[in-house]
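Pasted below: model.tsv, TSV, C-alpha atoms and all ligand atoms.
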chain	number	residue	atom	x	y	z
A	1488	MET	CA	-13.26	15.98	8.58
A	1489	SER	CA	-10.84	13.71	10.38
A	1490	THR	CA	-7.11	14.17	10.88
A	1491	LEU	CA	-5.40	13.63	7.54
A	1492	PRO	CA	-1.78	13.51	6.32
A	1493	VAL	CA	-0.59	16.47	4.25
A	1494	GLY	CA	3.10	15.63	3.76
A	1495	LEU	CA	6.27	14.16	5.19
A	1496	SER	CA	8.24	15.73	8.02
A	1497	ARG	CA	11.50	15.21	6.13
A	1498	ASP	CA	10.18	17.40	3.27
A	1499	LEU	CA	9.66	20.36	5.60
A	1500	SER	CA	12.92	21.24	7.28
A	1501	ALA	CA	13.35	24.37	9.40
A	1502	LYS	CA	12.65	27.65	7.55
A	1503	ARG	CA	10.75	25.85	4.79
A	1504	VAL	CA	7.24	26.63	3.55
A	1505	MET	CA	4.97	24.29	1.62
A	1506	ARG	CA	1.51	24.40	0.15
A	1507	ALA	CA	-0.90	21.57	0.93
A	1508	THR	CA	-4.57	20.73	0.47
A	1509	VAL	CA	-6.87	18.72	2.66
A	1510	GLY	CA	-10.56	18.23	1.88
A	1511	GLY	CA	-10.58	21.24	-0.44
A	1512	GLN	CA	-8.91	23.52	2.12
A	1513	ASP	CA	-5.88	25.31	0.70
A	1514	LEU	CA	-3.16	25.34	3.37
A	1515	VAL	CA	0.22	26.84	4.03
A	1516	VAL	CA	2.35	24.59	6.23
A	1517	TRP	CA	5.65	26.00	7.48
A	1518	ARG	CA	8.38	25.31	9.98
A	1519	ALA	CA	9.96	28.05	12.05
A	1520	THR	CA	13.67	28.28	12.78
A	1521	ASN	CA	12.99	26.74	16.20
A	1522	GLY	CA	11.37	23.70	14.55
A	1523	GLU	CA	7.79	24.59	15.43
A	1524	ILE	CA	5.32	23.65	12.69
A	1525	SER	CA	2.16	25.57	11.75
A	1526	ALA	CA	-0.73	24.96	9.34
A	1527	TRP	CA	-2.91	27.87	8.30
A	1528	ASP	CA	-5.46	28.90	5.73
A	1529	ASN	CA	-3.30	29.84	2.76
A	1530	ARG	CA	-4.49	33.41	2.73
A	1531	CYS	CA	-2.88	36.52	4.16
A	1532	PRO	CA	-5.25	38.46	6.45
A	1533	HIS	CA	-4.10	41.68	4.78
A	1534	ARG	CA	-4.95	41.40	1.07
A	1535	GLY	CA	-5.37	37.67	0.61
A	1536	MET	CA	-1.99	36.80	-0.91
A	1537	ALA	CA	-1.16	33.10	-0.72
A	1538	LEU	CA	1.07	32.76	2.32
A	1539	SER	CA	2.74	29.72	0.72
A	1540	HIS	CA	4.66	32.26	-1.39
A	1541	GLY	CA	6.03	33.77	1.81
A	1542	PHE	CA	9.32	33.13	3.57
A	1543	VAL	CA	10.41	32.34	7.09
A	1544	ARG	CA	12.13	35.02	9.12
A	1545	GLY	CA	13.24	33.59	12.44
A	1546	ASN	CA	10.09	32.22	14.02
A	1547	THR	CA	7.68	34.20	11.86
A	1548	LEU	CA	6.26	33.75	8.36
A	1549	ALA	CA	6.54	36.87	6.20
A	1550	CYS	CA	3.99	37.46	3.43
A	1551	LEU	CA	5.58	37.99	0.03
A	1552	TYR	CA	3.31	40.90	-0.92
A	1553	HIS	CA	3.67	43.63	1.72
A	1554	GLY	CA	5.92	41.74	4.12
A	1555	TRP	CA	3.64	41.46	7.12
A	1556	HIS	CA	5.07	38.99	9.67
A	1557	TYR	CA	2.99	36.38	11.54
A	1558	ASN	CA	4.27	34.38	14.50
A	1559	GLY	CA	3.51	30.74	15.28
A	1560	ALA	CA	0.31	31.77	17.04
A	1561	GLY	CA	-0.79	33.36	13.76
A	1562	THR	CA	-0.61	36.86	15.20
A	1563	CYS	CA	0.73	39.72	13.10
A	1564	THR	CA	3.92	41.00	14.74
A	1565	TYR	CA	5.37	43.40	12.19
A	1566	ILE	CA	4.17	45.64	9.36
A	1567	PRO	CA	7.10	47.01	7.32
A	1568	ALA	CA	5.19	50.12	6.17
A	1569	HIS	CA	4.59	51.02	9.84
A	1570	PRO	CA	7.68	49.71	11.61
A	1571	ASP	CA	6.88	51.45	14.91
A	1572	LEU	CA	3.31	50.17	15.05
A	1573	ASP	CA	2.39	47.40	17.44
A	1574	PRO	CA	-0.10	45.53	15.20
A	1575	PRO	CA	-3.55	44.93	16.70
A	1576	ALA	CA	-3.98	41.39	18.05
A	1577	THR	CA	-7.07	41.04	15.87
A	1578	ILE	CA	-4.84	40.71	12.79
A	1579	ARG	CA	-4.25	36.99	12.74
A	1580	THR	CA	-4.25	34.04	10.41
A	1581	ASN	CA	-6.83	31.26	10.39
A	1582	ARG	CA	-4.95	28.41	12.09
A	1583	PHE	CA	-5.54	24.68	12.02
A	1584	SER	CA	-4.42	21.96	14.37
A	1585	VAL	CA	-1.28	20.14	13.18
A	1586	VAL	CA	0.75	17.28	14.65
A	1587	GLU	CA	3.71	15.19	13.50
A	1588	GLN	CA	3.85	11.48	14.10
A	1589	ASP	CA	5.66	8.60	12.37
A	1590	GLY	CA	7.43	11.12	10.10
A	1591	VAL	CA	4.10	12.35	8.74
A	1592	ILE	CA	2.50	15.79	9.09
A	1593	TRP	CA	-1.18	15.52	10.04
A	1594	VAL	CA	-3.75	18.32	9.92
A	1595	ARG	CA	-7.34	18.62	11.04
A	1596	THR	CA	-9.38	21.61	9.88
A	1597	ASP	CA	-12.36	21.27	12.23
A	1598	GLY	CA	-10.91	20.28	15.58
A	1599	GLU	CA	-7.88	19.00	17.42
A	1600	ALA	CA	-5.60	16.89	15.24
A	1601	GLN	CA	-4.88	13.41	16.51
A	1602	ALA	CA	-2.78	11.12	14.36
A	1603	PRO	CA	-3.90	7.48	14.27
A	1604	ASP	CA	-1.83	4.69	15.72
A	1605	LEU	CA	-0.15	3.06	12.74
A	1606	PRO	CA	1.24	-0.47	12.55
A	1607	GLY	CA	4.84	-0.66	13.72
A	1608	GLY	CA	7.81	-1.31	11.48
A	1609	LEU	CA	6.85	1.16	8.77
A	1610	GLU	CA	8.55	4.38	7.67
A	1611	PRO	CA	7.73	7.09	5.12
A	1612	LEU	CA	8.48	6.28	1.50
A	1613	ARG	CA	6.97	8.99	-0.71
A	1614	VAL	CA	3.89	11.06	-1.52
A	1615	PHE	CA	2.00	11.02	-4.82
A	1616	ILE	CA	-1.34	12.21	-6.17
A	1617	VAL	CA	-3.89	10.12	-8.08
A	1618	ALA	CA	-6.83	11.44	-10.08
A	1619	ALA	CA	-9.32	9.13	-8.37
A	1620	SER	CA	-11.18	8.77	-5.09
A	1621	ALA	CA	-9.59	7.28	-1.98
A	1622	ASP	CA	-11.68	4.08	-2.32
A	1623	GLN	CA	-10.64	3.67	-5.94
A	1624	VAL	CA	-6.98	4.06	-5.01
A	1625	GLN	CA	-7.24	1.54	-2.18
A	1626	CYS	CA	-8.95	-1.03	-4.42
A	1627	GLY	CA	-6.67	-0.43	-7.40
A	1628	ALA	CA	-3.45	-0.65	-5.40
A	1629	ALA	CA	-4.22	-4.22	-4.40
A	1630	GLN	CA	-4.33	-5.14	-8.10
A	1631	VAL	CA	-0.80	-3.99	-8.92
A	1632	PRO	CA	2.05	-6.49	-8.42
A	1633	TYR	CA	5.35	-5.56	-6.80
A	1634	GLU	CA	8.32	-7.46	-8.20
A	1635	GLY	CA	5.88	-9.89	-9.82
A	1636	GLN	CA	4.08	-10.59	-6.55
A	1637	MET	CA	0.47	-9.76	-5.67
A	1638	ALA	CA	-0.39	-8.47	-2.21
A	1639	ASP	CA	-2.88	-9.77	0.30
A	1640	ALA	CA	-5.66	-7.18	0.31
A	1641	GLY	CA	-6.00	-5.18	3.50
A	1642	ALA	CA	-5.10	-1.89	5.15
A	1643	VAL	CA	-1.45	-2.95	4.85
A	1644	LEU	CA	-0.37	-4.61	1.61
A	1645	HIS	CA	2.08	-7.43	2.18
A	1646	PHE	CA	4.31	-8.42	-0.70
A	1647	GLY	CA	6.17	-11.20	1.04
A	1648	ALA	CA	8.57	-9.54	3.49
A	1649	VAL	CA	7.88	-6.07	2.08
A	1650	SER	CA	4.84	-4.23	3.44
A	1651	VAL	CA	3.22	-1.05	2.16
A	1652	MET	CA	0.55	1.15	3.70
A	1653	LEU	CA	-1.25	3.92	1.83
A	1654	LEU	CA	-2.55	6.90	3.82
A	1655	LEU	CA	-5.25	8.50	1.68
A	1656	SER	CA	-6.21	12.17	1.81
A	1657	PRO	CA	-9.06	13.36	-0.44
A	1658	LEU	CA	-8.03	16.71	-1.92
A	1659	GLY	CA	-11.63	17.78	-2.50
A	1660	ASP	CA	-11.41	17.92	-6.29
A	1661	GLY	CA	-11.76	14.22	-7.12
A	1662	ARG	CA	-8.06	13.54	-6.57
A	1663	THR	CA	-6.41	11.81	-3.65
A	1664	GLN	CA	-3.03	12.45	-2.10
A	1665	VAL	CA	-1.32	9.19	-1.18
A	1666	THR	CA	1.26	9.17	1.60
A	1667	THR	CA	3.09	5.87	1.32
A	1668	LEU	CA	4.73	4.05	4.20
A	1669	ALA	CA	6.89	0.98	3.65
A	1670	SER	CA	8.77	-1.56	5.72
A	1671	ALA	CA	11.63	0.02	7.63
A	1672	GLY	CA	15.17	-0.87	6.66
A	1673	LEU	CA	14.63	-1.61	2.98
A	1674	THR	CA	17.56	-1.37	0.61
A	1675	VAL	CA	17.87	1.53	-1.82
A	1676	ALA	CA	16.97	-0.87	-4.64
A	1677	GLN	CA	13.82	-2.01	-2.82
A	1678	ARG	CA	12.76	1.57	-2.12
A	1679	SER	CA	13.32	2.45	-5.77
A	1680	ALA	CA	11.27	-0.55	-6.85
A	1681	LEU	CA	8.49	0.48	-4.46
A	1682	SER	CA	8.58	4.00	-5.82
A	1683	ARG	CA	8.06	2.54	-9.30
A	1684	TRP	CA	5.19	0.48	-7.86
A	1685	CYS	CA	3.61	3.75	-6.67
A	1686	GLU	CA	3.83	5.12	-10.21
A	1687	ALA	CA	2.40	1.91	-11.63
A	1688	THR	CA	-0.45	2.13	-9.13
A	1689	ARG	CA	-1.20	5.70	-10.15
A	1690	ARG	CA	-1.27	4.76	-13.84
A	1691	HIS	CA	-3.40	1.67	-13.19
A	1692	VAL	CA	-6.01	3.49	-11.10
A	1693	GLU	CA	-6.23	6.45	-13.48
A	1694	ALA	CA	-6.57	4.08	-16.46
A	1695	GLN	CA	-9.47	2.40	-14.66
A	1696	GLN	CA	-11.15	5.79	-14.27
A	1697	GLU	CA	-10.68	6.61	-17.94
A	1698	GLU	CA	-12.16	3.26	-18.97
A	1699	ALA	CA	-15.14	3.80	-16.70
A	1700	ALA	CA	-15.78	7.34	-18.00
B	1	LIG	S1	-1.23	40.66	1.26
B	1	LIG	FE1	0.06	39.84	2.76
B	1	LIG	S2	1.09	41.53	3.59
B	1	LIG	FE2	-0.28	42.39	2.15

Starting from the coordinates I provided, produce the structure as structure tokens.
Ligand code: FES
Amino acid sequence: MSTLPVGLSRDLSAKRVMRATVGGQDLVVWRATNGEISAWDNRCPHRGMALSHGFVRGNTLACLYHGWHYNGAGTCTYIPAHPDLDPPATIRTNRFSVVEQDGVIWVRTDGEAQAPDLPGGLEPLRVFIVAASADQVQCGAAQVPYEGQMADAGAVLHFGAVSVMLLLSPLGDGRTQVTTLASAGLTVAQRSALSRWCEATRRHVEAQQEEAA
């Protein structure tokens, strides 16, 4: 499994927690008060509660169920039922490598995350999910016009002066999460139009899958 995008940095401000999926792996991704980001198996080492239901306390993530706290290293630091106990270092979450680059959060579940070098001049637009494979999304997107204009097919879709790049993350259940980058400096109207293009792309690709079924 390579390094894949799971969300946008702007959607995960300090003290926020989000759930993500990459290649079938359920993840909790959270940002501590100090800005440090972590990506873990979405499962509390205690009784298996989804840690994405938890909340940030300072630079730790607290599980919603019994309130155990885990620091950025994934180590349990506090057990409310035993406040004087120094938790054993063996109580720790299953951590994954995570990096942020180009406003995107990237995770790798089987090694060190390394975000790819992306073309310059692009910035995050939005994230959406399509019930189709990554290849089907890439092919289908090139068939959807933006403002009446068709794109040149390629890794980056060029609609005249407006460019769009789709970063595709298979979710492991036949769906694909699409992280969309677009030309930097677009007007609000252009970004809104591109957001509608994303929706049109989703409908087009999913309609193709229904026809083929
Ligand atoms: S299940 Fe998380 S603290 Fe008990």

For this session: Excluding range 1622-1633 of chain A and residues on its chain fewer than 3 positions from it, collect all residues at most 9 Å away from it, counting only C-alpha atoms, and give them as a PyMOL selection string.
Result: chain A and resi 1617-1619+1636-1642+1644+1646+1653+1655+1663+1665+1680-1681+1683-1685+1687-1689+1691-1693+1695-1696

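Among the candidates A:Ala1507, A:Ala1699, A:Ala1676, A:Val1586, the residue lying nearest to Glu1523 in chain A is A:Val1586 (atoms considered: all atoms listed in the file).
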
For this session: May I have the residues within 8 Å of ligand LIG 1 (chain B), computed using only C-alpha atoms and all ligand atoms, as an MDAnalysis selection string?
Result: chainID A and resid 1530:1538 1549:1556 1566

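Shortest atom-to-atom contact with Asp1660 in chain A among A:Leu1609, A:Arg1506, A:Ser1539, A:Gln1512: A:Gln1512, counting all atoms listed in the file.
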
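Among A:Leu1668, A:Gly1561, A:Val1594, A:Val1493, the residue with the shortest atom-to-atom distance to Pro1606 in chain A, counting only C-alpha atoms, is A:Leu1668.
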